[in-house]
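Chemist: So that you have it, the file is run_23.cif, and it contains mmCIF, C-alpha atoms:
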data_input
loop_
_atom_site.label_atom_id
_atom_site.label_comp_id
_atom_site.auth_asym_id
_atom_site.auth_seq_id
_atom_site.Cartn_x
_atom_site.Cartn_y
_atom_site.Cartn_z
CA MET O 1 0.00 0.00 0.00
CA ALA O 2 2.87 2.36 0.76
CA GLN O 3 4.32 1.63 -2.66
CA GLU O 4 0.97 2.39 -4.30
CA ASN O 5 0.59 5.71 -2.46
CA ALA O 6 4.12 6.67 -3.42
CA ALA O 7 3.38 5.86 -7.02
CA PHE O 8 0.35 8.15 -7.10
CA SER O 9 1.90 10.98 -5.10
CA PRO O 10 2.86 14.13 -7.02
CA VAL O 11 6.45 14.68 -8.01
CA SER O 12 8.29 16.65 -5.34
CA GLU O 13 10.64 18.48 -7.68
CA GLU O 14 8.70 20.61 -10.13
CA PRO O 15 10.50 22.04 -13.15
CA PRO O 16 10.33 25.78 -13.70
CA ARG O 17 7.24 26.72 -15.68
CA ARG O 18 7.23 29.01 -18.67
CA ARG O 19 5.63 32.29 -17.78
CA GLY O 20 4.74 35.50 -19.53
CA ARG O 21 2.93 33.97 -22.50
CA GLN O 22 0.67 36.38 -24.34
CA ARG O 23 -2.95 35.33 -24.10
CA TYR O 24 -5.00 34.78 -27.22
CA VAL O 25 -8.25 35.11 -25.25
CA GLU O 26 -8.37 36.95 -21.93
CA LYS O 27 -9.95 35.42 -18.85
CA ASP O 28 -12.98 37.69 -19.25
CA GLY O 29 -13.49 36.49 -22.84
CA ARG O 30 -12.02 39.43 -24.74
CA CYS O 31 -10.02 38.36 -27.77
CA ASN O 32 -6.55 39.86 -27.57
CA VAL O 33 -6.25 40.53 -31.30
CA GLN O 34 -6.09 43.91 -33.02
CA GLN O 35 -6.62 44.46 -36.73
CA GLY O 36 -3.79 46.45 -38.26
CA ASN O 37 -3.09 47.97 -41.69
CA VAL O 38 -6.67 47.54 -42.87
CA ARG O 39 -6.64 49.52 -46.10
CA GLU O 40 -10.05 48.55 -47.47
CA THR O 41 -11.91 50.57 -44.85
CA TYR O 42 -14.84 51.05 -47.21
CA ARG O 43 -15.92 47.52 -46.32
CA TYR O 44 -17.05 48.80 -42.93
CA LEU O 45 -19.46 51.19 -44.64
CA THR O 46 -21.08 48.38 -46.62
CA ASP O 47 -22.44 47.12 -43.30
CA LEU O 48 -23.04 50.46 -41.60
CA PHE O 49 -25.59 49.06 -39.15
CA THR O 50 -23.15 46.53 -37.66
CA THR O 51 -20.40 49.15 -37.65
CA LEU O 52 -22.54 51.51 -35.55
CA VAL O 53 -23.57 48.71 -33.20
CA ASP O 54 -19.93 47.66 -32.67
CA LEU O 55 -18.83 51.20 -31.77
CA GLN O 56 -18.13 52.19 -28.20
CA TRP O 57 -21.00 53.70 -26.27
CA ARG O 58 -19.69 57.27 -26.36
CA LEU O 59 -19.27 57.12 -30.13
CA SER O 60 -22.69 55.52 -30.58
CA LEU O 61 -24.32 58.29 -28.56
CA LEU O 62 -22.38 60.88 -30.55
CA PHE O 63 -23.63 59.45 -33.87
CA PHE O 64 -27.15 59.22 -32.44
CA VAL O 65 -27.19 62.91 -31.56
CA LEU O 66 -25.50 63.99 -34.78
CA ALA O 67 -27.93 61.99 -36.95
CA TYR O 68 -30.90 63.94 -35.61
CA ALA O 69 -29.18 67.31 -35.22
CA LEU O 70 -27.77 67.32 -38.74
CA THR O 71 -31.06 66.34 -40.39
CA TRP O 72 -32.89 69.03 -38.43
CA LEU O 73 -30.30 71.61 -39.45
CA PHE O 74 -30.27 70.42 -43.06
CA PHE O 75 -34.02 70.64 -43.55
CA GLY O 76 -34.20 73.79 -41.45
CA ALA O 77 -31.78 75.44 -43.87
CA ILE O 78 -33.90 74.31 -46.83
CA TRP O 79 -37.08 75.73 -45.23
CA TRP O 80 -35.26 79.02 -44.69
CA LEU O 81 -34.03 79.06 -48.31
CA ILE O 82 -37.58 78.49 -49.56
CA ALA O 83 -38.85 81.35 -47.43
CA TYR O 84 -35.97 83.55 -48.55
CA GLY O 85 -36.41 82.66 -52.22
CA ARG O 86 -40.15 83.32 -52.22
CA GLY O 87 -39.70 86.65 -50.46
CA ASP O 88 -41.56 85.62 -47.31
CA LEU O 89 -38.93 87.23 -45.11
CA GLU O 90 -39.53 90.57 -46.84
CA HIS O 91 -43.32 90.53 -46.26
CA LEU O 92 -43.44 89.69 -42.59
CA GLU O 93 -45.70 92.63 -41.80
CA ASP O 94 -47.83 92.27 -44.94
CA THR O 95 -51.12 90.66 -43.92
CA ALA O 96 -52.19 90.23 -47.53
CA TRP O 97 -49.13 88.08 -48.31
CA THR O 98 -49.49 84.28 -48.08
CA PRO O 99 -46.15 82.79 -47.06
CA CYS O 100 -45.01 79.19 -47.49
CA VAL O 101 -44.91 78.73 -43.71
CA ASN O 102 -46.83 81.05 -41.45
CA ASN O 103 -44.79 82.91 -38.79
CA LEU O 104 -41.43 81.78 -40.19
CA ASN O 105 -39.39 84.93 -39.66
CA GLY O 106 -35.78 83.63 -39.64
CA PHE O 107 -33.41 80.70 -39.50
CA VAL O 108 -34.23 79.84 -35.88
CA ALA O 109 -37.92 79.66 -36.73
CA ALA O 110 -37.10 77.47 -39.74
CA PHE O 111 -34.99 75.18 -37.53
CA LEU O 112 -37.83 74.83 -35.01
CA PHE O 113 -40.29 74.13 -37.81
CA SER O 114 -37.94 71.40 -39.12
CA ILE O 115 -37.90 69.76 -35.66
CA GLU O 116 -41.70 69.91 -35.44
CA THR O 117 -42.04 68.34 -38.89
CA GLU O 118 -39.57 65.50 -38.39
CA THR O 119 -40.61 64.56 -34.87
CA THR O 120 -44.35 64.95 -35.65
CA ILE O 121 -44.96 66.73 -32.37
CA GLY O 122 -47.73 68.82 -33.96
CA TYR O 123 -47.74 72.34 -35.37
CA GLY O 124 -48.56 75.31 -33.22
CA HIS O 125 -47.62 78.86 -34.13
CA ARG O 126 -45.84 77.83 -37.38
CA VAL O 127 -47.75 75.87 -40.03
CA ILE O 128 -47.38 75.25 -43.77
CA THR O 129 -49.90 76.75 -46.18
CA ASP O 130 -51.45 75.32 -49.34
CA GLN O 131 -49.93 78.05 -51.55
CA CYS O 132 -46.43 76.50 -51.50
CA PRO O 133 -46.03 73.38 -53.69
CA GLU O 134 -42.27 73.20 -53.12
CA GLY O 135 -42.90 73.25 -49.37
CA ILE O 136 -45.41 70.41 -49.68
CA VAL O 137 -42.85 68.28 -51.57
CA LEU O 138 -40.18 69.09 -48.95
CA LEU O 139 -42.62 68.21 -46.18
CA LEU O 140 -43.18 64.77 -47.69
CA LEU O 141 -39.46 64.17 -48.16
CA GLN O 142 -38.65 65.17 -44.59
CA ALA O 143 -41.42 63.01 -43.17
CA ILE O 144 -40.17 59.97 -45.09
CA LEU O 145 -36.49 60.59 -44.39
CA GLY O 146 -37.22 61.32 -40.74
CA SER O 147 -38.98 57.99 -40.37
CA MET O 148 -35.97 56.23 -41.91
CA VAL O 149 -33.57 58.01 -39.55
CA ASN O 150 -35.77 57.11 -36.60
CA ALA O 151 -35.93 53.45 -37.62
CA PHE O 152 -32.19 53.22 -38.25
CA MET O 153 -30.95 54.99 -35.13
CA VAL O 154 -33.54 53.57 -32.74
CA GLY O 155 -32.83 50.12 -34.15
CA CYS O 156 -29.11 50.57 -33.56
CA MET O 157 -29.63 51.71 -30.00
CA PHE O 158 -32.09 48.90 -29.28
CA VAL O 159 -29.73 46.23 -30.61
CA LYS O 160 -26.82 47.72 -28.72
CA ILE O 161 -28.78 47.87 -25.46
CA SER O 162 -30.16 44.35 -25.84
CA GLN O 163 -26.84 42.77 -26.81
CA PRO O 164 -26.25 39.61 -24.74
CA ASN O 165 -22.66 40.59 -23.94
CA LYS O 166 -23.58 41.58 -20.41
CA ARG O 167 -25.44 38.29 -19.97
CA ALA O 168 -22.15 36.53 -20.57
CA ALA O 169 -20.73 38.30 -17.51
CA THR O 170 -22.86 36.06 -15.28
CA LEU O 171 -21.54 32.89 -16.95
CA VAL O 172 -18.44 31.95 -14.97
CA PHE O 173 -15.56 29.57 -15.61
CA SER O 174 -13.23 28.09 -13.03
CA SER O 175 -9.97 29.96 -12.61
CA HIS O 176 -7.98 26.74 -13.20
CA ALA O 177 -8.32 23.56 -15.19
CA VAL O 178 -7.33 20.25 -13.60
CA VAL O 179 -5.97 16.90 -14.74
CA SER O 180 -6.86 13.77 -12.77
CA LEU O 181 -8.25 10.27 -13.14
CA ARG O 182 -11.88 9.56 -13.97
CA ASP O 183 -12.88 5.91 -14.24
CA GLY O 184 -9.25 4.96 -14.61
CA ARG O 185 -8.54 7.43 -17.44
CA LEU O 186 -6.72 10.74 -17.38
CA CYS O 187 -9.05 13.67 -18.04
CA LEU O 188 -8.62 17.40 -18.43
CA MET O 189 -11.47 19.17 -16.63
CA PHE O 190 -12.79 22.67 -15.97
CA ARG O 191 -15.99 23.97 -14.39
CA VAL O 192 -18.72 26.30 -15.69
CA GLY O 193 -21.63 27.91 -13.89
CA ASP O 194 -24.48 30.37 -14.34
CA LEU O 195 -25.09 32.98 -11.63
CA ARG O 196 -28.58 33.93 -12.78
CA SER O 197 -31.84 32.19 -12.02
CA SER O 198 -32.95 32.58 -15.65
CA HIS O 199 -31.21 29.84 -17.56
CA ILE O 200 -29.31 29.58 -20.82
CA VAL O 201 -31.36 27.56 -23.32
CA GLU O 202 -29.67 25.05 -25.64
CA ALA O 203 -26.32 25.60 -23.97
CA SER O 204 -23.31 23.94 -25.59
CA ILE O 205 -19.62 23.91 -24.76
CA ARG O 206 -16.53 23.77 -26.97
CA ALA O 207 -12.81 23.75 -26.27
CA LYS O 208 -9.88 24.70 -28.50
CA LEU O 209 -6.18 24.09 -28.03
CA ILE O 210 -4.15 27.09 -29.24
CA ARG O 211 -0.56 26.10 -29.90
CA SER O 212 1.96 26.96 -32.60
CA ARG O 213 3.28 24.07 -34.63
CA GLN O 214 5.55 23.30 -37.56
CA THR O 215 4.56 21.02 -40.43
CA LEU O 216 6.69 18.29 -41.94
CA GLU O 217 7.51 20.64 -44.81
CA GLY O 218 8.87 23.24 -42.40
CA GLU O 219 5.89 25.61 -42.49
CA PHE O 220 5.36 27.39 -39.17
CA ILE O 221 1.72 27.82 -38.19
CA PRO O 222 1.30 30.31 -35.32
CA LEU O 223 -1.64 29.87 -32.97
CA HIS O 224 -2.82 26.65 -34.59
CA GLN O 225 -6.28 25.63 -33.37
CA THR O 226 -7.10 22.04 -32.46
CA ASP O 227 -10.45 20.79 -31.22
CA LEU O 228 -10.58 19.20 -27.77
CA SER O 229 -13.42 16.72 -27.53
CA VAL O 230 -15.77 17.50 -24.65
CA GLY O 231 -18.50 15.04 -25.58
CA PHE O 232 -19.60 15.99 -29.08
CA ASP O 233 -19.95 12.34 -30.14
CA THR O 234 -21.97 11.39 -27.06
CA GLY O 235 -23.97 14.61 -26.70
CA ASP O 236 -22.30 15.56 -23.42
CA ASP O 237 -21.35 18.93 -24.92
CA ARG O 238 -25.03 19.99 -24.74
CA LEU O 239 -25.55 21.24 -21.21
CA PHE O 240 -28.47 21.66 -18.86
CA LEU O 241 -26.80 24.49 -17.00
CA VAL O 242 -28.95 24.82 -13.89
CA SER O 243 -26.09 24.16 -11.47
CA PRO O 244 -22.29 24.28 -12.01
CA LEU O 245 -20.99 21.47 -14.19
CA VAL O 246 -17.53 19.97 -14.56
CA ILE O 247 -16.66 19.62 -18.26
CA SER O 248 -14.33 16.73 -19.00
CA HIS O 249 -11.98 16.07 -21.91
CA GLU O 250 -10.86 12.46 -21.88
CA ILE O 251 -7.20 12.19 -22.87
CA ASP O 252 -7.37 9.32 -25.34
CA ALA O 253 -5.51 8.43 -28.52
CA ALA O 254 -7.31 11.23 -30.42
CA SER O 255 -6.35 13.86 -27.84
CA PRO O 256 -3.36 16.17 -28.45
CA PHE O 257 -2.32 15.43 -24.83
CA TRP O 258 -2.14 11.66 -25.44
CA GLU O 259 1.63 11.54 -25.03
CA ALA O 260 1.97 14.42 -22.54
CA SER O 261 3.20 13.51 -19.07
CA ARG O 262 3.12 15.87 -16.14
CA ARG O 263 6.64 17.11 -16.74
CA ALA O 264 6.08 17.48 -20.48
CA LEU O 265 2.84 19.38 -19.91
CA GLU O 266 4.51 21.83 -17.55
CA ARG O 267 7.26 22.52 -20.09
CA ASP O 268 4.81 22.97 -22.96
CA ASP O 269 3.50 26.30 -24.26
CA PHE O 270 -0.20 26.35 -25.14
CA GLU O 271 -3.54 27.94 -24.36
CA ILE O 272 -6.89 26.22 -23.96
CA VAL O 273 -9.85 28.37 -25.06
CA VAL O 274 -13.29 27.30 -23.82
CA ILE O 275 -16.48 28.64 -25.40
CA LEU O 276 -19.96 28.41 -23.89
CA GLU O 277 -22.89 29.25 -26.20
CA GLY O 278 -26.63 29.33 -25.77
CA MET O 279 -29.78 31.42 -26.04
CA VAL O 280 -30.82 33.88 -23.36
CA GLU O 281 -34.11 32.67 -21.93
CA ALA O 282 -35.51 36.19 -21.50
CA THR O 283 -34.72 37.56 -24.97
CA GLY O 284 -34.02 34.54 -27.19
CA MET O 285 -30.76 36.08 -28.40
CA THR O 286 -27.61 34.00 -28.75
CA CYS O 287 -25.05 34.51 -26.01
CA GLN O 288 -21.42 33.44 -26.02
CA ALA O 289 -19.04 33.39 -23.05
CA ARG O 290 -15.32 32.67 -23.40
CA SER O 291 -12.34 32.06 -21.18
CA SER O 292 -8.89 30.48 -21.46
CA TYR O 293 -6.29 28.55 -19.51
CA LEU O 294 -2.55 28.83 -19.87
CA VAL O 295 -0.06 26.13 -18.88
CA ASP O 296 0.33 27.63 -15.41
CA GLU O 297 -3.43 27.41 -14.91
CA VAL O 298 -3.64 23.64 -15.50
CA LEU O 299 -3.24 21.81 -12.19
CA TRP O 300 -2.09 18.19 -12.49
CA GLY O 301 -3.39 15.86 -9.79
CA HIS O 302 -6.25 18.07 -8.63
CA ARG O 303 -10.02 17.77 -8.49
CA PHE O 304 -12.76 20.36 -8.03
CA THR O 305 -14.41 20.82 -4.66
CA SER O 306 -18.11 20.01 -4.66
CA VAL O 307 -20.35 23.07 -4.53
CA LEU O 308 -23.77 21.39 -4.50
CA THR O 309 -25.48 20.47 -1.24
CA LEU O 310 -28.95 19.14 -0.49
CA GLU O 311 -30.97 21.40 1.78
CA ASP O 312 -34.52 21.10 3.05
CA GLY O 313 -36.49 20.84 -0.18
CA PHE O 314 -33.95 22.29 -2.58
CA TYR O 315 -30.34 22.14 -3.78
CA GLU O 316 -27.98 24.93 -2.81
CA VAL O 317 -24.91 26.00 -4.79
CA ASP O 318 -22.01 27.45 -2.83
CA TYR O 319 -20.16 29.68 -5.28
CA ALA O 320 -17.59 30.51 -2.61
CA SER O 321 -16.02 27.13 -3.42
CA PHE O 322 -16.51 27.36 -7.17
CA HIS O 323 -12.80 27.83 -7.96
CA GLU O 324 -11.43 25.61 -5.18
CA THR O 325 -9.57 22.37 -5.93
CA PHE O 326 -7.87 19.69 -3.85
CA GLU O 327 -5.09 17.23 -4.59
CA VAL O 328 -5.87 13.61 -5.45
CA PRO O 329 -3.57 10.64 -6.25
CA THR O 330 -2.79 10.89 -9.96
CA PRO O 331 -0.05 9.18 -11.99
CA SER O 332 2.49 11.54 -13.49
CA CYS O 333 2.94 9.56 -16.68
CA SER O 334 1.17 10.22 -19.95
CA ALA O 335 -2.18 8.72 -20.86
CA ARG O 336 -0.52 6.58 -23.54
CA GLU O 337 1.95 5.10 -21.06
CA LEU O 338 -0.87 4.49 -18.59
CA ALA O 339 -2.92 2.67 -21.23
CA GLU O 340 0.08 0.57 -22.31
CA ALA O 341 0.82 -0.39 -18.71
CA ALA O 342 -2.80 -1.40 -18.20
CA ALA O 343 -2.69 -3.51 -21.38
CA ARG O 344 0.47 -5.25 -20.20
CA LEU O 345 -1.17 -6.00 -16.89
CA ASP O 346 -4.27 -7.42 -18.57
CA ALA O 347 -2.10 -9.66 -20.74
CA HIS O 348 -0.12 -10.85 -17.71
CA LEU O 349 -3.27 -11.66 -15.77
CA TYR O 350 -4.77 -13.48 -18.76
CA TRP O 351 -1.79 -15.82 -19.19
CA SER O 352 -1.36 -16.39 -15.45
CA ILE O 353 -4.92 -17.70 -14.85
CA PRO O 354 -4.81 -21.53 -14.89
CA SER O 355 -7.42 -23.54 -16.69
CA ARG O 356 -9.54 -26.22 -15.04
CA LEU O 357 -7.41 -28.93 -16.65
CA ASP O 358 -4.32 -27.40 -15.07
CA GLU O 359 -6.08 -27.30 -11.72
CA LYS O 360 -6.99 -31.00 -12.00
CA ALA O 361 -3.42 -31.83 -13.01
CA LYS O 362 -2.02 -29.92 -10.06
CA LYS O 363 -4.51 -31.44 -7.57
CA PRO O 364 -2.59 -33.43 -4.91
CA ALA O 365 -3.52 -37.02 -4.56
CA SER O 366 -3.75 -36.81 -0.81
CA SER O 367 -6.03 -33.75 -0.77
CA GLY O 368 -9.62 -33.33 -1.87
CA THR O 369 -9.27 -29.57 -2.67
CA PRO O 370 -7.47 -28.01 -5.67
CA CYS O 371 -4.36 -25.86 -5.30
CA LEU O 372 -5.57 -22.30 -6.04
CA LEU O 373 -3.23 -19.56 -7.16
CA PRO O 374 -3.23 -16.38 -5.13
CA SER O 375 -5.31 -13.53 -6.52
CA ALA O 376 -3.57 -10.72 -8.39
CA HIS O 377 -3.51 -7.14 -7.17
CA LEU O 378 -2.89 -3.95 -9.10
CA SER O 379 0.30 -2.08 -8.36
CA LEU O 380 1.28 1.10 -10.18
CA VAL O 381 4.94 2.04 -10.08
CA HIS O 382 6.06 5.51 -11.18
CA SER O 383 9.61 6.07 -12.32
CA GLU O 384 11.51 9.33 -12.67
CA ASP O 385 11.19 9.27 -16.48
CA ALA O 386 7.42 9.58 -16.16
CA SER O 387 6.80 5.98 -17.28
CA CYS O 388 4.10 3.80 -15.76
CA HIS O 389 4.56 0.17 -14.75
CA LEU O 390 1.56 -1.93 -13.72
CA SER O 391 2.43 -5.23 -12.07
CA PRO O 392 0.42 -7.85 -10.20
CA SER O 393 1.45 -8.48 -6.61
CA ALA O 394 0.50 -11.38 -4.42
#
Translate this file's structure into structure tokens.

Modeler:
Amino acid sequence: MAQENAAFSPVSEEPPRRRGRQRYVEKDGRCNVQQGNVRETYRYLTDLFTTLVDLQWRLSLLFFVLAYALTWLFFGAIWWLIAYGRGDLEHLEDTAWTPCVNNLNGFVAAFLFSIETETTIGYGHRVITDQCPEGIVLLLLQAILGSMVNAFMVGCMFVKISQPNKRAATLVFSSHAVVSLRDGRLCLMFRVGDLRSSHIVEASIRAKLIRSRQTLEGEFIPLHQTDLSVGFDTGDDRLFLVSPLVISHEIDAASPFWEASRRALERDDFEIVVILEGMVEATGMTCQARSSYLVDEVLWGHRFTSVLTLEDGFYEVDYASFHETFEVPTPSCSARELAEAAARLDAHLYWSIPSRLDEKAKKPASSGTPCLLPSAHLSLVHSEDASCHLSPSA
């Protein structure tokens, strides 16, 4: 038993870890990528609506104010030019004169009349007459254009306000990922949770390994993305996120960590990006939350502390322990070496089990009971080169 505990105990001497790696995705989900030397800036104008929605709030508010102020000033100037061209400003005191707009005596009055026309707040002291056909045409144009400006700008503000980005702030990821055994297999695990009582509908989880690599032809691929299976084949990637869940990536032959031991993992340079997607129950809009884990944030030989307890008539989640982990016995070898050691042990046990004919042949003549072999026990031995040895012990 002492040998088994020593085999599963973590290595005492830890190699220095590589620090200072630039994140591809920040812990809060922001992508740490900036677009530079974009010369075809006209492409942003082809999708002006999305461009305005993606702007910062202060710029969006500035465009919102300018859109209305400029249209009011533009049409106000046209109303003043019509009044000036018809001579209405020269017959202000002439009661027999029929102006285009009653009581329009200057540019300020024309500006106010433009606001009243576009916002449809109703005419009071200033009103258009039926003796001005050019004014009637301008009135129709401003009413139509004003409705379009209202629809465009109010739509932009509504979409920007109702964006599910803030909903993603209440979707939390564990601060560390862990590697430990689950059902005899090494697994990479992290935890996700939802702080709100309104749930994420059709939630799904994905994981990407970001690591630079070089091809056989010598091509260097920076930030190469590799999928980490978190249950796509079995449907485990579709979550019912009512309480915090531990997402598991089994390190099998298809995993990029198949040949990574504890020491090799600590010397590696990679980033694991996790993506949680779903629809907001209140609005039906798609929400995406992201986070990432660097090498220093992957704890080998740890497991997450349970946060779910059964109370009187309900389950309670303790988010104070959401990020907490504890050490568990975990082999330091790679998953491949662990699987090979288990296969060798299975082969040894298979060939060491005697058949019934052998038992009859080995039965002593003076005894009425067969000579049984002692049962085999599993013993895992860990060596300094991170190799696993499974051997039966009597």

Chemist: Between atom CA of Trp97 of chain O and atom CA of Asp130 of chain O, measure the distance and give it in Å to one decimal.

Modeler: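 Separating atom CA of Trp97 of chain O from atom CA of Asp130 of chain O is a distance of 13.0 Å.
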
Chemist: On this file, the PyMOL selection byres ((chain O and resi 24) around 12) gives some set of residues; write that set as a ChimeraX atom specification.

Modeler: /O:21-23,25-34,208-212,222-225,270-274,290-294

Chemist: Identify all residues satisfying the PyMOL selection byres ((chain O and resi 76) around 9) in the given file; provide them as a PyMOL selection string.

Modeler: chain O and resi 71-75+77-81+107-115

Chemist: How many Å lie between atom CA of Asn165 of chain O and atom CA of Thr325 of chain O, rounded to one decimal?

Modeler: 28.8 Å

Chemist: Mind pulling up the distance from atom CA of Ser248 of chain O to atom CA of Leu188 of chain O?

Modeler: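 Between atom CA of Leu188 of chain O and atom CA of Ser248 of chain O the gap is 5.8 Å.
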
Chemist: I want to know what sits within 10 Å of Thr98 of chain O, based on all atoms listed in the file, with residues of the same chain fewer than 2 positions away left out; could you give that as an MDAnalysis selection string?

Modeler: chainID O and resid 88 91:92 94:96 100:102 129:132

Chemist: The centre and edge lengths of an axis-aligned box containing all atoms of segment 232-247 of chain O present in the file, extended by 6 Å on each side, are to be given in Å to one decimal, as lines of an AutoDock Vina configuration file.

Modeler:
center_x = -22.8
center_y = 18.1
center_z = -20.8
size_x = 24.3
size_y = 25.4
size_z = 30.7

Chemist: Please provide the set of residues having any atom within 8 Å of Leu139 of chain O, restricted to all atoms listed in the file, with same-chain residues fewer than 4 positions apart removed, written as a PyMOL selection string.

Modeler: chain O and resi 117+135+143

Chemist: Please provide as a PyMOL selection string all residues within 8 Å of Ser261 of chain O, with the sequence filter that same-chain residues fewer than 5 positions apart are discarded (counting only C-alpha atoms).

Modeler: chain O and resi 332-335+386
